[in-house]
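A.B. asks: So here's protein.txt (compact mmCIF, C-alpha atoms).
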# COMPACT_ATOMS: atom_id res chain seq x y z
CA MET N 1 -23.94 31.23 19.17
CA SER N 2 -22.15 27.92 19.84
CA ALA N 3 -20.61 27.09 23.20
CA ARG N 4 -17.08 28.25 23.73
CA PRO N 5 -14.41 25.61 23.07
CA THR N 6 -12.62 24.12 26.05
CA VAL N 7 -8.90 24.16 26.79
CA THR N 8 -7.92 21.61 29.44
CA LEU N 9 -4.45 22.17 30.90
CA ILE N 10 -3.09 19.18 32.85
CA VAL N 11 0.06 19.94 34.82
CA ASN N 12 2.64 17.65 36.36
CA PRO N 13 3.72 19.95 39.21
CA ASN N 14 6.86 17.91 39.88
CA ALA N 15 8.22 18.21 36.33
CA GLY N 16 11.55 19.93 35.96
CA ARG N 17 12.19 19.48 39.69
CA GLY N 18 9.27 21.75 40.53
CA ARG N 19 9.68 24.29 37.74
CA ALA N 20 6.32 23.33 36.25
CA ALA N 21 4.43 24.23 39.43
CA LYS N 22 6.15 27.61 39.61
CA ALA N 23 5.45 28.36 35.95
CA GLN N 24 1.82 27.23 35.96
CA PRO N 25 0.17 30.53 37.02
CA GLY N 26 1.99 32.48 34.31
CA ILE N 27 1.20 29.86 31.67
CA ALA N 28 -2.49 29.83 32.63
CA ALA N 29 -2.65 33.64 32.55
CA ALA N 30 -1.06 33.70 29.08
CA LEU N 31 -3.61 31.19 27.81
CA VAL N 32 -6.52 33.24 29.20
CA ARG N 33 -5.17 36.38 27.52
CA GLY N 34 -4.38 34.66 24.24
CA LEU N 35 -7.54 32.55 23.94
CA PRO N 36 -10.29 34.80 25.32
CA ASP N 37 -13.07 32.93 23.51
CA HIS N 38 -12.10 29.60 25.16
CA VAL N 39 -12.93 28.13 28.56
CA LEU N 40 -9.75 27.19 30.44
CA GLN N 41 -9.74 24.29 32.89
CA VAL N 42 -6.56 23.67 34.90
CA VAL N 43 -5.89 20.28 36.49
CA GLN N 44 -2.90 19.47 38.71
CA ALA N 45 -2.26 15.75 38.35
CA ARG N 46 -1.35 13.81 41.49
CA ASP N 47 0.77 11.37 39.46
CA PHE N 48 1.00 9.92 35.96
CA ALA N 49 -1.87 7.50 36.56
CA ASP N 50 -4.08 10.42 37.55
CA ALA N 51 -2.85 12.45 34.56
CA LYS N 52 -3.86 9.63 32.19
CA VAL N 53 -7.33 9.42 33.72
CA GLN N 54 -7.78 13.19 33.51
CA ALA N 55 -6.54 13.35 29.92
CA LEU N 56 -8.81 10.55 28.73
CA ALA N 57 -11.76 12.14 30.53
CA ALA N 58 -11.10 15.51 28.90
CA VAL N 59 -10.89 14.00 25.41
CA SER N 60 -14.00 11.89 26.00
CA ALA N 61 -15.95 14.96 27.15
CA SER N 62 -14.85 16.86 24.04
CA LEU N 63 -15.97 14.06 21.76
CA ASP N 64 -19.32 13.83 23.56
CA ARG N 65 -19.89 17.57 23.03
CA GLY N 66 -18.90 17.32 19.39
CA ILE N 67 -15.89 18.93 17.75
CA ASP N 68 -16.16 22.26 15.97
CA GLU N 69 -13.40 22.08 13.36
CA GLU N 70 -13.19 25.86 13.26
CA ARG N 71 -12.77 26.13 17.04
CA PRO N 72 -11.76 22.66 18.31
CA ASP N 73 -11.22 21.73 21.93
CA MET N 74 -7.62 21.48 23.09
CA LEU N 75 -5.83 19.24 25.56
CA LEU N 76 -2.64 20.84 26.85
CA VAL N 77 -0.16 18.90 28.98
CA MET N 78 2.62 20.61 30.90
CA GLY N 79 5.68 18.67 31.98
CA GLY N 80 8.31 16.46 30.41
CA ASP N 81 8.24 13.53 28.01
CA GLY N 82 6.08 11.47 30.36
CA MET N 83 3.32 14.08 30.19
CA ALA N 84 3.72 14.32 26.41
CA SER N 85 3.13 10.56 26.28
CA VAL N 86 -0.01 10.97 28.40
CA GLY N 87 -1.34 13.58 26.01
CA LEU N 88 -0.62 11.80 22.76
CA GLY N 89 -2.08 8.58 24.15
CA ALA N 90 -5.36 10.38 24.83
CA CYS N 91 -5.56 12.43 21.61
CA ALA N 92 -4.24 9.96 19.01
CA GLY N 93 -6.84 9.21 16.37
CA THR N 94 -9.21 11.98 17.55
CA PRO N 95 -9.83 15.53 16.31
CA VAL N 96 -8.92 16.96 19.73
CA ARG N 97 -5.81 19.10 19.40
CA LEU N 98 -2.85 18.34 21.66
CA GLY N 99 -0.47 20.97 22.95
CA VAL N 100 2.68 20.08 24.91
CA ILE N 101 4.14 22.82 27.09
CA PRO N 102 7.73 21.75 27.88
CA ALA N 103 8.64 21.92 31.55
CA GLY N 104 10.70 18.76 32.09
CA THR N 105 14.41 18.01 32.03
CA GLY N 106 14.58 16.26 28.64
CA ASN N 107 11.66 17.47 26.52
CA ASP N 108 12.69 15.24 23.63
CA PHE N 109 9.17 15.00 22.20
CA THR N 110 8.85 18.75 21.72
CA ARG N 111 12.44 19.02 20.44
CA GLY N 112 11.83 16.37 17.80
CA MET N 113 8.45 17.78 16.77
CA GLY N 114 9.67 21.35 16.33
CA VAL N 115 7.62 22.81 19.17
CA PRO N 116 9.24 25.87 20.85
CA ALA N 117 11.63 24.86 23.61
CA THR N 118 10.20 27.04 26.39
CA GLY N 119 6.79 27.13 28.06
CA PRO N 120 6.06 30.75 27.06
CA GLY N 121 7.26 30.05 23.53
CA ALA N 122 5.00 27.00 23.23
CA VAL N 123 2.00 28.98 24.51
CA GLU N 124 2.72 31.76 22.01
CA ALA N 125 2.75 29.22 19.16
CA ILE N 126 -0.49 27.63 20.40
CA VAL N 127 -2.23 31.00 20.69
CA ALA N 128 -1.02 31.86 17.18
CA GLY N 129 -2.91 28.82 15.90
CA LEU N 130 0.07 26.77 14.71
CA CYS N 131 -0.92 23.14 14.26
CA ARG N 132 0.65 20.25 12.42
CA ARG N 133 -0.83 16.83 11.73
CA VAL N 134 1.90 14.35 12.68
CA ASP N 135 2.58 10.63 12.68
CA LEU N 136 2.90 8.43 15.74
CA ALA N 137 4.43 5.01 16.22
CA LEU N 138 2.12 2.25 17.45
CA VAL N 139 3.81 -0.39 19.60
CA GLU N 140 2.07 -3.74 20.15
CA GLY N 141 3.04 -6.64 22.37
CA GLU N 142 2.86 -7.81 25.98
CA LEU N 143 3.46 -4.34 27.38
CA THR N 144 4.14 -3.18 30.92
CA GLY N 145 0.96 -2.81 32.96
CA GLY N 146 -0.97 -5.37 30.93
CA ALA N 147 -1.58 -3.15 27.89
CA ARG N 148 -1.43 -4.60 24.39
CA ARG N 149 -0.77 -1.43 22.42
CA ARG N 150 0.60 2.04 23.00
CA HIS N 151 1.35 5.12 20.93
CA VAL N 152 4.89 6.49 20.97
CA GLY N 153 5.91 9.97 19.87
CA SER N 154 9.71 9.76 19.82
CA VAL N 155 11.92 6.65 19.95
CA VAL N 156 11.54 2.95 20.76
CA SER N 157 14.83 1.79 22.30
CA THR N 158 15.83 -1.83 22.86
CA GLY N 159 19.60 -2.06 23.30
CA TYR N 160 22.30 -0.16 25.11
CA ASP N 161 20.15 2.98 24.93
CA ALA N 162 17.22 1.23 26.64
CA ARG N 163 19.44 0.04 29.47
CA VAL N 164 20.80 3.53 30.03
CA ASN N 165 17.25 4.95 30.04
CA HIS N 166 16.17 2.30 32.56
CA ARG N 167 19.14 3.10 34.80
CA THR N 168 18.31 6.82 34.64
CA ASN N 169 14.69 6.12 35.62
CA GLN N 170 15.84 4.17 38.67
CA ARG N 171 17.94 7.06 39.99
CA ARG N 172 17.18 8.29 43.52
CA PHE N 173 18.36 11.75 42.55
CA SER N 174 18.41 13.56 39.22
CA LEU N 175 21.30 15.27 37.49
CA GLY N 176 18.89 16.96 35.10
CA SER N 177 19.90 16.75 31.45
CA LEU N 178 23.28 15.28 32.51
CA SER N 179 21.69 12.13 33.94
CA TYR N 180 21.61 10.26 30.63
CA GLY N 181 25.26 10.95 29.83
CA TRP N 182 26.42 9.94 33.32
CA ASP N 183 24.41 6.71 33.26
CA ALA N 184 25.61 5.96 29.73
CA LEU N 185 29.17 5.79 31.03
CA ALA N 186 28.15 3.67 34.03
CA GLU N 187 26.25 1.16 31.90
CA LEU N 188 29.07 0.92 29.37
CA ALA N 189 31.36 -0.90 31.82
CA ARG N 190 29.30 -4.08 31.65
CA PHE N 191 27.53 -3.89 28.31
CA GLU N 192 28.05 -6.44 25.53
CA PRO N 193 26.44 -6.46 22.05
CA LEU N 194 22.93 -7.93 21.97
CA HIS N 195 21.64 -10.62 19.62
CA TYR N 196 18.70 -9.24 17.60
CA ARG N 197 16.05 -10.93 15.47
CA ILE N 198 14.18 -8.25 13.54
CA GLU N 199 11.84 -7.89 10.58
CA VAL N 200 11.91 -4.65 8.58
CA ASP N 201 8.79 -4.46 6.39
CA GLY N 202 8.71 -8.26 6.34
CA VAL N 203 12.41 -8.77 5.58
CA ALA N 204 13.99 -10.86 8.35
CA ARG N 205 17.44 -10.08 9.75
CA GLU N 206 19.43 -11.69 12.56
CA GLU N 207 22.52 -9.95 13.89
CA SER N 208 24.36 -8.55 16.88
CA ALA N 209 24.20 -4.84 17.59
CA MET N 210 24.88 -2.32 20.30
CA LEU N 211 21.40 -0.93 19.75
CA ILE N 212 18.54 -0.73 17.29
CA ALA N 213 16.41 2.40 17.72
CA VAL N 214 13.10 2.88 15.91
CA ALA N 215 11.96 6.49 15.74
CA ASN N 216 8.97 8.58 14.80
CA ALA N 217 10.64 11.82 15.91
CA GLY N 218 14.34 11.25 16.34
CA MET N 219 15.45 12.52 19.76
CA PHE N 220 15.98 10.90 23.15
CA GLY N 221 18.24 11.18 26.19
CA GLY N 222 17.84 14.93 26.62
CA GLY N 223 18.71 16.04 23.10
CA MET N 224 20.55 13.09 21.54
CA ARG N 225 19.67 12.80 17.84
CA ILE N 226 19.60 9.03 17.57
CA CYS N 227 17.65 9.21 14.28
CA PRO N 228 18.64 12.69 13.11
CA LEU N 229 16.88 12.55 9.73
CA ALA N 230 13.51 11.52 11.18
CA ASP N 231 10.51 13.52 9.96
CA PRO N 232 7.31 12.92 11.98
CA GLY N 233 5.20 13.83 8.98
CA ASP N 234 6.62 11.52 6.29
CA GLY N 235 4.61 8.37 7.07
CA LEU N 236 7.75 6.35 7.80
CA LEU N 237 9.71 5.12 10.78
CA ASP N 238 13.45 5.81 10.93
CA ILE N 239 15.73 3.03 12.17
CA THR N 240 19.27 3.41 13.49
CA ILE N 241 21.43 0.32 13.90
CA ILE N 242 24.80 0.62 15.63
CA HIS N 243 26.70 -2.55 14.83
CA PRO N 244 29.17 -4.02 17.36
CA VAL N 245 32.00 -1.65 18.26
CA SER N 246 34.51 -1.22 21.06
CA ARG N 247 33.56 0.64 24.22
CA PHE N 248 35.89 3.46 23.22
CA THR N 249 34.14 3.84 19.87
CA LEU N 250 30.72 3.81 21.50
CA ILE N 251 31.77 6.63 23.84
CA ARG N 252 32.92 8.63 20.82
CA LEU N 253 29.61 8.00 19.06
CA LEU N 254 27.61 9.04 22.14
CA LYS N 255 29.36 12.41 22.21
CA SER N 256 28.46 13.10 18.58
CA MET N 257 24.82 12.03 18.97
CA TYR N 258 23.97 15.53 20.18
CA SER N 259 24.87 16.90 16.74
CA GLY N 260 23.80 13.86 14.73
CA ALA N 261 27.27 13.56 13.21
CA PHE N 262 27.67 9.98 14.50
CA ILE N 263 25.76 8.68 11.48
CA LYS N 264 28.88 9.17 9.32
CA ASP N 265 30.63 6.33 11.15
CA PRO N 266 30.75 3.07 9.12
CA CYS N 267 29.33 1.10 12.05
CA VAL N 268 26.03 3.00 11.75
CA GLU N 269 23.26 1.83 9.43
CA LEU N 270 20.13 3.90 8.77
CA LEU N 271 16.90 2.50 7.34
CA ARG N 272 13.31 3.62 6.82
CA ALA N 273 10.25 1.42 7.11
CA ARG N 274 6.56 1.32 7.86
CA HIS N 275 6.73 -1.68 10.18
CA VAL N 276 9.45 -3.19 12.35
CA ARG N 277 9.29 -6.28 14.56
CA ILE N 278 11.97 -6.49 17.25
CA ASP N 279 12.96 -9.63 19.13
CA GLY N 280 16.15 -10.87 20.71
CA ASP N 281 17.89 -12.30 23.74
CA ASP N 282 17.86 -10.58 27.15
CA MET N 283 16.15 -7.51 25.76
CA PHE N 284 13.41 -5.05 26.74
CA GLY N 285 11.96 -1.88 25.28
CA MET N 286 11.80 1.74 26.43
CA ALA N 287 9.90 4.59 24.77
CA ASP N 288 9.35 8.26 25.53
CA GLY N 289 11.31 7.73 28.74
CA GLU N 290 9.12 4.89 30.03
CA ASP N 291 9.28 1.10 30.25
CA LEU N 292 7.53 -0.76 27.41
CA GLY N 293 8.19 -4.31 28.53
CA ALA N 294 9.93 -7.35 27.10
CA VAL N 295 10.35 -8.16 23.42
CA PRO N 296 8.96 -9.16 20.98
CA LEU N 297 7.60 -5.74 20.10
CA SER N 298 5.85 -4.76 16.90
CA VAL N 299 6.24 -1.12 15.82
CA SER N 300 4.23 0.42 12.98
CA VAL N 301 3.63 3.97 11.82
CA GLU N 302 0.22 5.64 12.02
CA PRO N 303 0.42 8.53 9.56
CA GLY N 304 -1.21 11.83 10.51
CA THR N 305 -2.97 10.44 13.56
CA LEU N 306 -2.29 13.41 15.88
CA TYR N 307 -3.10 17.12 15.63
CA LEU N 308 -0.16 18.76 17.38
CA LEU N 309 -0.40 22.39 18.42
CA GLY N 310 2.61 24.68 18.41
CA ALA N 311 4.22 23.22 15.28
CA ASN N 312 3.41 23.63 11.61
CA ASP N 313 3.98 21.81 8.35
CA ASP N 314 7.05 23.91 7.63
CA ALA N 315 8.83 22.79 10.81
CA PRO N 316 12.33 21.71 9.72
CA VAL N 317 13.83 18.30 10.30
CA PRO N 318 16.60 18.70 12.93
CA ASP N 319 19.96 19.62 11.42
CA ALA N 320 22.45 16.81 11.10
CA ALA N 321 25.46 15.78 9.10
CA PRO N 322 24.45 13.97 5.88
CA ALA N 323 24.17 10.21 6.18
CA ILE N 324 26.52 7.99 4.23
CA ALA N 325 24.77 4.72 5.06
CA CYS N 326 21.15 5.74 4.70
CA ASN N 327 18.50 4.03 2.64
CA GLU N 328 16.67 7.03 1.17
CA GLU N 329 14.00 4.92 -0.51
CA PRO N 330 10.61 4.11 1.05
CA ALA N 331 10.26 1.11 3.28
CA ASP N 332 9.50 -1.50 0.65
CA ALA N 333 12.98 -0.98 -0.78
CA VAL N 334 14.71 -1.95 2.48
Could I get this file's structure written as structure tokens?

C.D. replies:
Amino acid sequence: MSARPTVTLIVNPNAGRGRAAKAQPGIAAALVRGLPDHVLQVVQARDFADAKVQALAAVSASLDRGIDEERPDMLLVMGGDGMASVGLGACAGTPVRLGVIPAGTGNDFTRGMGVPATGPGAVEAIVAGLCRRVDLALVEGELTGGARRRHVGSVVSTGYDARVNHRTNQRRFSLGSLSYGWDALAELARFEPLHYRIEVDGVAREESAMLIAVANAGMFGGGMRICPLADPGDGLLDITIIHPVSRFTLIRLLKSMYSGAFIKDPCVELLRARHVRIDGDDMFGMADGEDLGAVPLSVSVEPGTLYLLGANDDAPVPDAAPAIACNEEPADAV
């Protein structure tokens, strides 16, 4: 009889302003009940650096033991989008299955991937054996911390949205899911359109824009559907360009990002591609809630590189109003 597969649960106890720590015992108990033929290891990370080390170590140990495709090892991360990023960075390109148990304030990765919105719901889907092979975005450049490449699950932001995200990260106190909206208004007072130089599947463009967002799964900012038609299983990146508009119009668009209806506005352009290069003046990148570093940034899609637990191939693309400025053809038609 082969050794029992391992489930490693890495918890950010501070996620959700402490909700993750309170929920951890119940989540662990549900995993033990639901996966009785697995060995559960629970790790409380001291910080994100420690979480990354622990996640990489768990995946490395699984690969050293060898993966049983019938009963594969699992890495589960519990927290917000930062912990999701830790998990996908460790599991990308490996047969180790990743499960993300949402316990943060935004949880945009799980929202965009169709994973249940609550911790118990996510555990139930994992125990039921739901798993979907999904794409990730690969970002390359001179990244923060000295890295040259990093996988991204949700959205690469470089304009107004990136500045709002950066402001939210610098907050001394959190307003929970309201933080992004509050900081969006504060940043708006001084924001001017940015000058972009981009390449979309090799086609060069130079223009001013409020933002250009490149998405694998299309949510950010605690539920804003910046690329509402994004499908993380289609082998393509979705790109949203908001061309220069007044501050009043941008406020109106921000309000309708939660439904996705903003894409009907004539200032919005939607594209799909396999590779995007982003450069411009006075510009930096954010992704999955974290700092990427200064442009230029190269973003490409890696199809099917992650086994994601808790979602399946029938997971629907988030509802949104139909686009009127969307290129529905594959990337080489952009």

A.B. asks: For N:Pro120, please output as a VMD selection string all residues within 9 Å (counting only C-alpha atoms; exclusion window: fewer than 5 positions along the same chain).

C.D. replies: chain N and resid 26 to 27 30 101 125

A.B. asks: Residues as selected, C-alpha atoms, written as a tab-separated table (two decimals), in the frame of the given file, can you do that?

C.D. replies:
chain	number	residue	atom	x	y	z
N	26	GLY	CA	1.99	32.48	34.31
N	27	ILE	CA	1.20	29.86	31.67
N	30	ALA	CA	-1.06	33.70	29.08
N	101	ILE	CA	4.14	22.82	27.09
N	125	ALA	CA	2.75	29.22	19.16

A.B. asks: Please provide as an MDAnalysis selection string all residues within 8 Å of stretch 209-214 of chain N, with the sequence filter that same-chain residues fewer than 3 positions apart are discarded (counting all atoms listed in the file).

C.D. replies: chainID N and resid 155:161 192:196 226:227 237:245 276 299

A.B. asks: Could you list, as a PyMOL selection string, every residue within 10 Å of stretch 86-88 of chain N, counting all atoms listed in the file and ignoring same-chain residues fewer than 6 positions away?

C.D. replies: chain N and resi 10+48-49+51-56+59+75-78+97-100+136+150-153+305-308

A.B. asks: Create the file for the chosen residues now, containing C-alpha atoms and written as a PDB file, in the coordinates of the input.

C.D. replies:
ATOM      1  CA  ILE N  10      -3.090  19.180  32.850  1.00  0.00           C
ATOM      2  CA  PHE N  48       1.000   9.920  35.960  1.00  0.00           C
ATOM      3  CA  ALA N  49      -1.870   7.500  36.560  1.00  0.00           C
ATOM      4  CA  ALA N  51      -2.850  12.450  34.560  1.00  0.00           C
ATOM      5  CA  LYS N  52      -3.860   9.630  32.190  1.00  0.00           C
ATOM      6  CA  VAL N  53      -7.330   9.420  33.720  1.00  0.00           C
ATOM      7  CA  GLN N  54      -7.780  13.190  33.510  1.00  0.00           C
ATOM      8  CA  ALA N  55      -6.540  13.350  29.920  1.00  0.00           C
ATOM      9  CA  LEU N  56      -8.810  10.550  28.730  1.00  0.00           C
ATOM     10  CA  VAL N  59     -10.890  14.000  25.410  1.00  0.00           C
ATOM     11  CA  LEU N  75      -5.830  19.240  25.560  1.00  0.00           C
ATOM     12  CA  LEU N  76      -2.640  20.840  26.850  1.00  0.00           C
ATOM     13  CA  VAL N  77      -0.160  18.900  28.980  1.00  0.00           C
ATOM     14  CA  MET N  78       2.620  20.610  30.900  1.00  0.00           C
ATOM     15  CA  ARG N  97      -5.810  19.100  19.400  1.00  0.00           C
ATOM     16  CA  LEU N  98      -2.850  18.340  21.660  1.00  0.00           C
ATOM     17  CA  GLY N  99      -0.470  20.970  22.950  1.00  0.00           C
ATOM     18  CA  VAL N 100       2.680  20.080  24.910  1.00  0.00           C
ATOM     19  CA  LEU N 136       2.900   8.430  15.740  1.00  0.00           C
ATOM     20  CA  ARG N 150       0.600   2.040  23.000  1.00  0.00           C
ATOM     21  CA  HIS N 151       1.350   5.120  20.930  1.00  0.00           C
ATOM     22  CA  VAL N 152       4.890   6.490  20.970  1.00  0.00           C
ATOM     23  CA  GLY N 153       5.910   9.970  19.870  1.00  0.00           C
ATOM     24  CA  THR N 305      -2.970  10.440  13.560  1.00  0.00           C
ATOM     25  CA  LEU N 306      -2.290  13.410  15.880  1.00  0.00           C
ATOM     26  CA  TYR N 307      -3.100  17.120  15.630  1.00  0.00           C
ATOM     27  CA  LEU N 308      -0.160  18.760  17.380  1.00  0.00           C
TER      28      LEU N 308
END

A.B. asks: Can you tell me, as an mmCIF file with C-alpha atoms, in the frame of the given file, what residues are no more than 7 Å from N:Val7 when counting only C-alpha atoms, ignoring any on the same chain fewer than 2 positions away?

C.D. replies:
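around-v9.cif written:
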data_model
loop_
_atom_site.group_PDB
_atom_site.id
_atom_site.type_symbol
_atom_site.label_atom_id
_atom_site.label_comp_id
_atom_site.auth_asym_id
_atom_site.auth_seq_id
_atom_site.Cartn_x
_atom_site.Cartn_y
_atom_site.Cartn_z
ATOM 1 C CA PRO N 5 -14.410 25.610 23.070
ATOM 2 C CA LEU N 9 -4.450 22.170 30.900
ATOM 3 C CA HIS N 38 -12.100 29.600 25.160
ATOM 4 C CA VAL N 39 -12.930 28.130 28.560
ATOM 5 C CA LEU N 40 -9.750 27.190 30.440
ATOM 6 C CA GLN N 41 -9.740 24.290 32.890
ATOM 7 C CA ASP N 73 -11.220 21.730 21.930
ATOM 8 C CA MET N 74 -7.620 21.480 23.090
ATOM 9 C CA LEU N 75 -5.830 19.240 25.560
#

A.B. asks: Between atom CA of N:Thr118 and atom CA of N:Ser259, what is the distance in Å, rounded to a tenth?

C.D. replies: 20.3 Å

A.B. asks: Given only C-alpha atoms as the basis, pick out the residue of N:Asn107, N:Gln24, N:Thr94, N:Ser85 nearest to N:Val123.

C.D. replies: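 Looking at the shortest contact to N:Val123, the residue is N:Gln24.
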